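Peer 1: Contents are compact mmCIF, C-alpha atoms and all ligand atoms; file name coords-v6.txt:
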# COMPACT_ATOMS: atom_id res chain seq x y z
CA MET A 15 113.63 84.53 118.05
CA VAL A 16 114.74 85.54 121.57
CA PRO A 17 111.82 85.97 124.00
CA GLN A 18 112.33 89.74 124.44
CA LYS A 19 112.26 90.26 120.68
CA THR A 20 109.14 88.11 120.34
CA ALA A 21 107.43 90.16 123.07
CA SER A 22 108.19 93.36 121.16
CA GLU A 23 106.89 91.80 117.94
CA VAL A 24 103.67 90.76 119.69
CA LYS A 25 103.12 94.31 120.96
CA ARG A 26 103.79 95.81 117.56
CA LEU A 27 101.33 93.36 116.07
CA ALA A 28 98.64 94.38 118.62
CA GLU A 29 99.15 98.03 117.75
CA SER A 30 98.89 97.33 114.03
CA VAL A 31 95.62 95.46 114.60
CA GLY A 32 94.17 98.48 116.44
CA TYR A 33 94.53 97.64 120.13
CA VAL A 34 95.54 100.60 122.30
CA ASP A 35 97.70 98.55 124.64
CA CYS A 36 99.16 95.08 124.98
CA GLY A 37 100.92 93.31 127.85
CA ILE A 38 102.32 89.88 128.62
CA ALA A 39 101.36 87.89 131.74
CA SER A 40 102.42 84.56 133.20
CA THR A 41 100.10 81.54 133.14
CA GLU A 42 100.31 81.01 136.91
CA PRO A 43 96.93 80.13 138.50
CA PHE A 44 94.60 83.05 139.27
CA THR A 45 93.99 81.92 142.84
CA GLU A 46 92.17 85.08 143.99
CA PHE A 47 89.77 84.69 141.08
CA ALA A 48 89.13 81.05 142.05
CA LYS A 49 88.42 82.13 145.65
CA THR A 50 85.97 84.81 144.50
CA ILE A 51 84.18 82.28 142.30
CA ASP A 52 83.93 79.83 145.21
CA CYS A 53 82.32 82.55 147.36
CA ARG A 54 79.85 83.40 144.61
CA LYS A 55 78.96 79.73 144.20
CA GLU A 56 78.00 79.60 147.85
CA GLN A 57 76.04 82.84 147.60
CA PHE A 58 74.21 81.86 144.41
CA PRO A 59 73.99 78.05 144.22
CA GLU A 60 71.45 78.31 141.41
CA ALA A 61 74.23 79.65 139.16
CA ALA A 62 76.80 77.02 140.23
CA PRO A 63 77.28 75.43 136.76
CA GLU A 64 78.01 78.84 135.22
CA TYR A 65 80.48 79.65 138.01
CA GLU A 66 82.13 76.26 137.62
CA ARG A 67 82.72 77.03 133.94
CA LEU A 68 84.27 80.38 134.85
CA ARG A 69 86.39 78.81 137.59
CA SER A 70 88.30 76.68 135.09
CA ARG A 71 89.75 79.92 133.70
CA ALA A 72 91.61 80.40 136.96
CA PHE A 73 93.92 77.55 136.02
CA PRO A 74 94.87 78.16 132.38
CA ARG A 75 97.47 75.41 132.24
CA GLU A 76 95.10 72.67 133.40
CA LYS A 77 93.37 72.61 130.03
CA ASN A 78 96.32 74.05 128.11
CA PRO A 79 99.48 72.50 129.56
CA TRP A 80 101.43 73.84 126.57
CA ALA A 81 100.64 77.50 127.46
CA GLY A 82 103.70 79.59 128.30
CA SER A 83 102.31 83.14 128.44
CA ILE A 84 99.16 85.19 128.17
CA VAL A 85 98.96 88.03 125.65
CA VAL A 86 96.46 90.65 126.84
CA CYS A 87 95.15 93.40 124.57
CA VAL A 88 93.01 96.47 125.24
CA ARG A 89 90.38 97.72 122.80
CA TRP A 90 89.09 101.26 123.34
CA TYR A 91 85.55 101.96 122.20
CA GLY A 92 85.28 105.40 123.81
CA LYS A 93 86.41 106.92 120.50
CA TYR A 94 83.03 106.58 118.81
CA ARG A 95 80.34 109.23 118.40
CA ILE A 96 76.97 108.02 119.59
CA PRO A 97 74.61 108.70 116.66
CA GLU A 98 71.86 111.20 117.38
CA GLY A 99 68.51 109.83 118.41
CA ILE A 100 69.71 106.54 119.86
CA SER A 101 68.17 105.75 123.24
CA PRO A 102 70.48 106.87 126.06
CA GLY A 103 69.32 103.68 127.80
CA ILE A 104 71.49 101.38 125.70
CA GLY A 105 74.79 100.68 127.46
CA ARG A 106 77.84 101.90 125.55
CA ASN A 107 79.60 98.57 125.71
CA TYR A 108 76.66 97.03 123.87
CA LEU A 109 76.37 99.85 121.36
CA PHE A 110 79.98 99.47 120.32
CA ASP A 111 80.28 95.71 120.72
CA ARG A 112 83.04 94.62 118.41
CA ARG A 113 81.26 91.30 117.87
CA ASN A 114 78.60 93.08 115.81
CA LYS A 115 79.41 91.86 112.30
CA ASP A 116 78.90 95.37 110.91
CA CYS A 117 81.42 96.92 113.32
CA PRO A 118 84.65 97.70 111.44
CA GLU A 119 86.62 96.28 114.39
CA ASN A 120 84.83 92.95 114.16
CA ASP A 121 87.85 91.04 112.88
CA MET A 122 90.47 92.32 115.35
CA PRO A 123 90.82 89.00 117.26
CA ARG A 124 91.02 87.03 114.01
CA ARG A 125 93.79 89.31 112.73
CA MET A 126 95.60 89.13 116.06
CA LYS A 127 95.44 85.35 116.10
CA ALA A 128 96.67 85.10 112.51
CA GLY A 129 99.53 87.49 113.31
CA LEU A 130 100.57 85.50 116.38
CA ARG A 131 100.61 82.34 114.28
CA LYS A 132 102.75 84.10 111.71
CA LEU A 133 105.24 84.77 114.49
CA GLY A 134 105.48 80.99 114.86
CA LEU A 135 103.39 80.77 118.03
CA ARG A 136 100.77 78.24 119.03
CA VAL A 137 97.68 80.25 119.98
CA ARG A 138 94.38 79.83 121.79
CA ARG A 139 91.92 82.65 122.24
CA GLY A 140 90.65 83.25 125.80
CA GLY A 141 90.69 80.58 128.48
CA VAL A 142 91.68 83.06 131.22
CA PRO A 143 89.84 85.61 133.38
CA ASP A 144 90.42 88.55 131.01
CA ARG A 145 90.25 91.40 133.51
CA ARG A 146 92.54 89.71 136.01
CA ALA A 147 94.94 88.87 133.21
CA ALA A 148 94.92 92.55 132.17
CA VAL A 149 95.88 93.59 135.70
CA ARG A 150 98.64 90.98 135.87
CA ALA A 151 99.95 92.12 132.48
CA GLY A 152 100.14 95.70 133.74
CA VAL A 153 97.70 97.15 131.20
CA ALA A 154 94.76 97.86 133.56
CA ARG A 155 93.69 98.20 137.19
CA PHE A 156 90.43 97.41 138.97
CA GLY A 157 88.08 100.14 140.11
CA ARG A 158 85.75 99.58 143.04
CA ASN A 159 82.90 99.14 140.53
CA ASN A 160 84.64 95.95 139.31
CA PHE A 161 85.47 97.44 135.92
CA VAL A 162 89.07 97.63 134.81
CA TYR A 163 90.58 100.96 133.81
CA THR A 164 93.53 102.28 131.88
CA LYS A 165 94.95 105.74 132.56
CA GLU A 166 94.27 106.90 129.02
CA HIS A 167 90.93 105.29 128.29
CA GLY A 168 89.13 104.86 131.60
CA SER A 169 86.79 101.90 131.75
CA TRP A 170 85.49 102.29 128.18
CA ILE A 171 87.54 99.33 127.10
CA ASN A 172 87.34 95.64 126.27
CA ILE A 173 90.00 93.16 127.25
CA GLU A 174 90.91 90.33 124.88
CA SER A 175 93.43 87.59 125.69
CA TRP A 176 95.31 84.80 124.01
CA LEU A 177 97.33 81.91 125.38
CA ILE A 178 100.58 81.34 123.51
CA ASP A 179 103.05 78.51 123.86
CA LYS A 180 106.22 80.57 124.29
CA LYS A 181 107.29 81.84 127.70
CA LEU A 182 107.87 85.56 127.18
CA PRO A 183 109.14 88.10 129.73
CA ALA A 184 106.08 89.12 131.76
CA ASP A 185 105.18 92.78 132.26
CA GLU A 186 104.93 94.21 135.77
CA PRO A 187 101.49 94.87 137.23
CA ASP A 188 100.83 98.33 138.66
CA SER A 189 99.99 97.54 142.27
CA THR A 190 99.14 101.09 143.35
CA PRO A 191 95.45 101.43 144.26
CA LEU A 192 93.40 103.05 141.51
CA CYS A 193 90.55 104.68 143.42
CA PRO A 194 90.91 107.68 145.73
CA ASP A 195 90.56 106.54 149.36
CA SER A 196 87.22 108.05 150.16
CA CYS A 197 85.50 107.64 146.80
CA ARG A 198 82.33 105.60 146.60
CA LEU A 199 80.56 107.50 143.83
CA CYS A 200 79.98 104.35 141.79
CA ILE A 201 78.39 102.56 144.74
CA ASP A 202 76.13 105.52 145.48
CA ALA A 203 75.17 105.79 141.79
CA CYS A 204 74.11 102.15 141.44
CA PRO A 205 70.33 102.38 141.09
CA SER A 206 69.45 98.86 142.20
CA GLY A 207 71.96 98.35 145.01
CA ALA A 208 73.72 95.68 142.95
CA LEU A 209 77.07 97.28 143.77
CA GLN A 210 76.94 96.45 147.44
CA GLY A 211 80.39 97.70 148.39
CA PRO A 212 83.88 98.05 146.93
CA PHE A 213 84.54 95.25 144.39
CA CYS A 214 81.34 93.50 145.43
CA MET A 215 78.56 93.25 142.86
CA ARG A 216 75.41 91.14 143.02
CA TRP A 217 74.89 90.22 139.39
CA ASP A 218 71.29 89.17 139.99
CA ARG A 219 70.46 92.77 140.93
CA CYS A 220 72.52 94.47 138.26
CA VAL A 221 70.29 96.51 135.98
CA ALA A 222 72.18 95.31 132.90
CA TYR A 223 71.24 91.71 133.76
CA LEU A 224 67.70 92.76 134.61
CA THR A 225 67.20 94.41 131.21
CA TYR A 226 68.11 91.43 129.07
CA ALA A 227 68.71 88.20 130.98
CA ALA A 228 66.79 88.01 134.29
CA PRO A 229 63.75 85.71 134.33
CA GLU A 230 60.57 87.63 133.55
CA PRO A 231 58.62 89.28 134.95
CA VAL A 232 61.31 91.21 136.82
CA ASP A 233 60.45 91.73 140.48
CA ASP A 234 58.49 94.98 140.84
CA ARG A 235 60.89 96.52 143.36
CA LEU A 236 63.83 95.93 141.03
CA TRP A 237 61.85 97.03 137.97
CA ARG A 238 61.33 100.40 139.62
CA THR A 239 65.10 100.85 139.98
CA MET A 240 65.77 100.31 136.28
CA GLY A 241 64.78 103.86 135.31
CA ARG A 242 66.05 104.96 131.94
CA TRP A 243 67.94 101.76 131.15
CA VAL A 244 66.68 99.74 128.19
CA TYR A 245 69.57 97.37 127.48
CA GLY A 246 72.54 97.42 129.85
CA CYS A 247 73.44 100.06 132.43
CA ASP A 248 76.39 102.44 132.66
CA ASP A 249 75.58 104.31 135.87
CA CYS A 250 78.59 103.09 137.86
CA GLN A 251 80.92 104.04 135.01
CA LEU A 252 79.29 107.37 134.20
CA ALA A 253 79.55 108.44 137.86
CA CYS A 254 83.24 107.63 138.06
CA PRO A 255 85.68 110.56 138.13
CA LEU A 256 88.34 108.35 136.54
CA ASN A 257 86.24 108.34 133.38
CA ARG A 258 86.18 112.13 133.06
CA GLY A 259 87.49 113.11 129.64
CA LYS A 260 87.96 109.48 128.65
CA TRP A 261 85.07 109.38 126.19
CA ARG A 262 86.57 111.19 123.26
CA PRO A 263 84.20 110.73 120.32
CA GLU A 264 86.61 111.15 117.43
CA GLU A 265 85.19 108.58 115.01
CA PRO A 266 81.74 108.10 113.50
CA ALA A 267 79.94 104.85 114.26
CA CYS A 268 78.79 104.37 110.66
CA TRP A 269 77.28 100.96 111.24
CA LEU A 270 74.93 102.40 113.89
CA GLU A 271 74.01 105.54 111.97
CA ASN A 272 71.97 103.47 109.50
CA ILE A 273 69.85 101.91 112.22
CA ALA A 274 69.70 104.88 114.64
CA PRO A 275 66.09 105.77 113.66
CA PHE A 276 65.02 102.34 114.95
CA LEU A 277 66.82 102.80 118.28
CA SER A 278 65.07 105.73 119.95
CA ASN A 279 63.05 104.89 123.06
CA GLU A 280 59.86 105.68 121.19
CA ALA A 281 60.76 103.49 118.19
CA LEU A 282 61.84 100.61 120.43
CA ALA A 283 58.70 100.84 122.57
CA THR A 284 56.51 100.28 119.53
CA MET A 285 58.70 98.23 117.19
CA ASP A 286 57.15 95.29 115.37
CA GLU A 287 58.51 91.75 115.39
CA GLU A 288 59.90 91.98 111.87
CA THR A 289 61.92 95.13 112.71
CA TYR A 290 63.23 93.49 115.84
CA ARG A 291 64.32 90.32 114.05
CA THR A 292 65.88 92.00 111.03
CA VAL A 293 67.26 95.31 112.35
CA VAL A 294 67.66 95.39 116.13
CA HIS A 295 68.42 91.80 117.10
CA PRO A 296 71.41 91.46 114.71
CA ALA A 297 73.06 94.37 116.58
CA PHE A 298 71.88 93.57 120.16
CA TRP A 299 71.38 89.86 120.54
CA TYR A 300 71.10 89.13 124.29
CA ILE A 301 67.28 89.16 124.23
CA PRO A 302 66.01 86.24 122.11
CA PRO A 303 64.61 87.11 118.66
CA ASP A 304 61.09 86.01 119.67
CA ASN A 305 60.92 88.36 122.68
CA VAL A 306 60.33 91.79 121.20
CA GLU A 307 58.04 92.41 124.18
CA ARG A 308 60.98 92.71 126.53
CA TRP A 309 62.48 95.50 124.45
CA ARG A 310 59.12 97.24 124.20
CA ARG A 311 58.56 97.15 127.95
CA ASN A 312 62.08 98.36 128.77
CA ALA A 313 61.86 101.17 126.23
CA ALA A 314 58.39 102.19 127.37
CA ARG A 315 59.58 102.45 130.96
CA ALA A 316 62.58 104.51 129.82
CA ALA A 317 60.29 106.77 127.81
CA GLY A 318 58.15 107.35 130.89
CA ILE A 319 55.11 105.40 129.72
CA ARG A 320 53.32 103.69 132.63
CA PRO A 321 53.98 99.91 132.86
CA GLU A 322 50.35 98.96 132.29
CA GLN A 323 50.25 101.12 129.15
CA ALA A 324 53.34 99.32 127.88
CA GLY A 325 51.70 95.96 128.45
CA ARG A 326 54.02 94.87 131.28
CA GLN A 327 52.82 91.80 133.10
CA SER A 328 52.77 92.43 136.79
CA GLY A 329 55.17 90.38 138.94
S1 LIG B 401 75.90 98.33 135.80
FE1 LIG B 401 74.31 99.56 136.83
S2 LIG B 401 73.18 98.18 138.16
FE2 LIG B 401 75.06 97.11 137.51
S3 LIG B 401 76.50 97.51 139.18
FE3 LIG B 401 76.81 99.17 137.67
S4 LIG B 401 75.42 100.84 138.29
FE4 LIG B 401 74.81 98.98 139.39
S1 LIG B 402 83.63 105.97 141.27
FE1 LIG B 402 85.32 106.22 142.71
S2 LIG B 402 85.39 104.26 143.85
FE2 LIG B 402 84.15 103.92 142.01
S3 LIG B 402 85.58 103.11 140.49
FE3 LIG B 402 85.48 105.33 140.19
S4 LIG B 402 87.14 106.19 141.44
FE4 LIG B 402 86.80 104.08 142.11
Output the file's structure as structure tokens, nothing else.
Ligand code: SF4
Ligand code: SF4
Peer 2:
Amino acid sequence: MVPQKTASEVKRLAESVGYVDCGIASTEPFTEFAKTIDCRKEQFPEAAPEYERLRSRAFPREKNPWAGSIVVCVRWYGKYRIPEGISPGIGRNYLFDRRNKDCPENDMPRRMKAGLRKLGLRVRRGGVPDRRAAVRAGVARFGRNNFVYTKEHGSWINIESWLIDKKLPADEPDSTPLCPDSCRLCIDACPSGALQGPFCMRWDRCVAYLTYAAPEPVDDRLWRTMGRWVYGCDDCQLACPLNRGKWRPEEPACWLENIAPFLSNEALATMDEETYRTVVHPAFWYIPPDNVERWRRNAARAAGIRPEQAGRQSG
């Protein structure tokens, strides 16, 4: 098959799987990404091994010398209705995580991979910095909050990438700046100061990280900035004018409707271990199954219960 025809077939396949956009990028090194990672390693030496793992994605052909192109797909989750009663402190990306086995979109990557193989391509999932690859493939652009955006879907998207062995004609990136010159609404909206400036985020202060991954107890000053957030944080996306009208809840989220009664702030603040292990953890798995306390404390704070009443250990 000639490369142009294969590229068209790949894009048709992505559409049939349910992705809202698909682009092709070259496998050239992502040198800017490598530089950013090197800076972060200096800033946060304690996270050096994690950064080193990420850095290898900047050079896709080092581990995959056979790779000829990157296929980049966009999944839009801003189409789902948030079931009534669910805590507004659960980040939308986590609510509609395709990796949840009950989500009807769970098997999109598997179907995409199988389809690419059917087209006679050698395939490997991932292995690249997804957001940078999306920009290079012309399907998204970076906002100053470090999220990538499409014109149609805002930042309520996930990027998924595959390396393939064939060199296909690459799509053109859109190099026009995305954000209006004077806008800094996302930076001003960041409750913890994690978003320190345009494109500059301190992950160790990000409320999302603080809710589910930071060592406990969370520093008191940071804890006080976490406000209504229970699991994740969307403040820098909710404040963004580019997201206006981009959440268009057209489809029910059936798999969440069943468990919605367990996901209010009040229910989460008092849930027992069994409910956590069997109902909540299968859908939101970043907090270990033996740490129901973390959920309870986060939900109690969000519900406005004083920390000592919620059993929070002081930092
Ligand atoms: S997710 Fe929340 S805490 Fe993290 S950078 Fe965005 S607004 Fe700040
Ligand atoms: S809030 Fe403004 S600066 Fe931030 S990403 Fe949106 S448009 Fe860009």
Peer 1: Build an axis-aligned box that encloses every atom of region 314-319 of chain A listed in the file, pad it by 6 Å on each side, and report its centre and edge lengths in Å to one decimal, as JSON.
Peer 2:
{"center_x": 58.8, "center_y": 104.8, "center_z": 129.2, "size_x": 19.5, "size_y": 17.2, "size_z": 15.6}
Peer 1: May I ask which of the residues A:Asp249, A:Glu174, A:Asp35, A:Asp111 is the closest one to ligand LIG 402 (chain B), counting only C-alpha atoms and all ligand atoms?
Peer 2: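 Looking only at the distances to ligand LIG 402 (chain B), the closest residue turns out to be A:Asp249.
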Peer 1: Which residues sit within 6 Å of ligand LIG 402 (chain B), counting only C-alpha atoms and all ligand atoms, listed as a count of residues only?
Peer 2: 13
Peer 1: Rank A:Phe110, A:Tyr65, A:Trp299, A:Trp217 by their smallest atom-to-atom distance to ligand LIG 401 (chain B), using all atoms listed in the file, and report the top residue only.
Peer 2: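 Closest to ligand LIG 401 (chain B) of all the choices is A:Trp217.
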Peer 1: Could you pull out the residues sitting within 12 Å of ligand LIG 401 (chain B), using only C-alpha atoms and all ligand atoms, and write them as number ranges by chain?
Peer 2: A: 103-107, 157-161, 169, 198-225, 236-237, 239-254
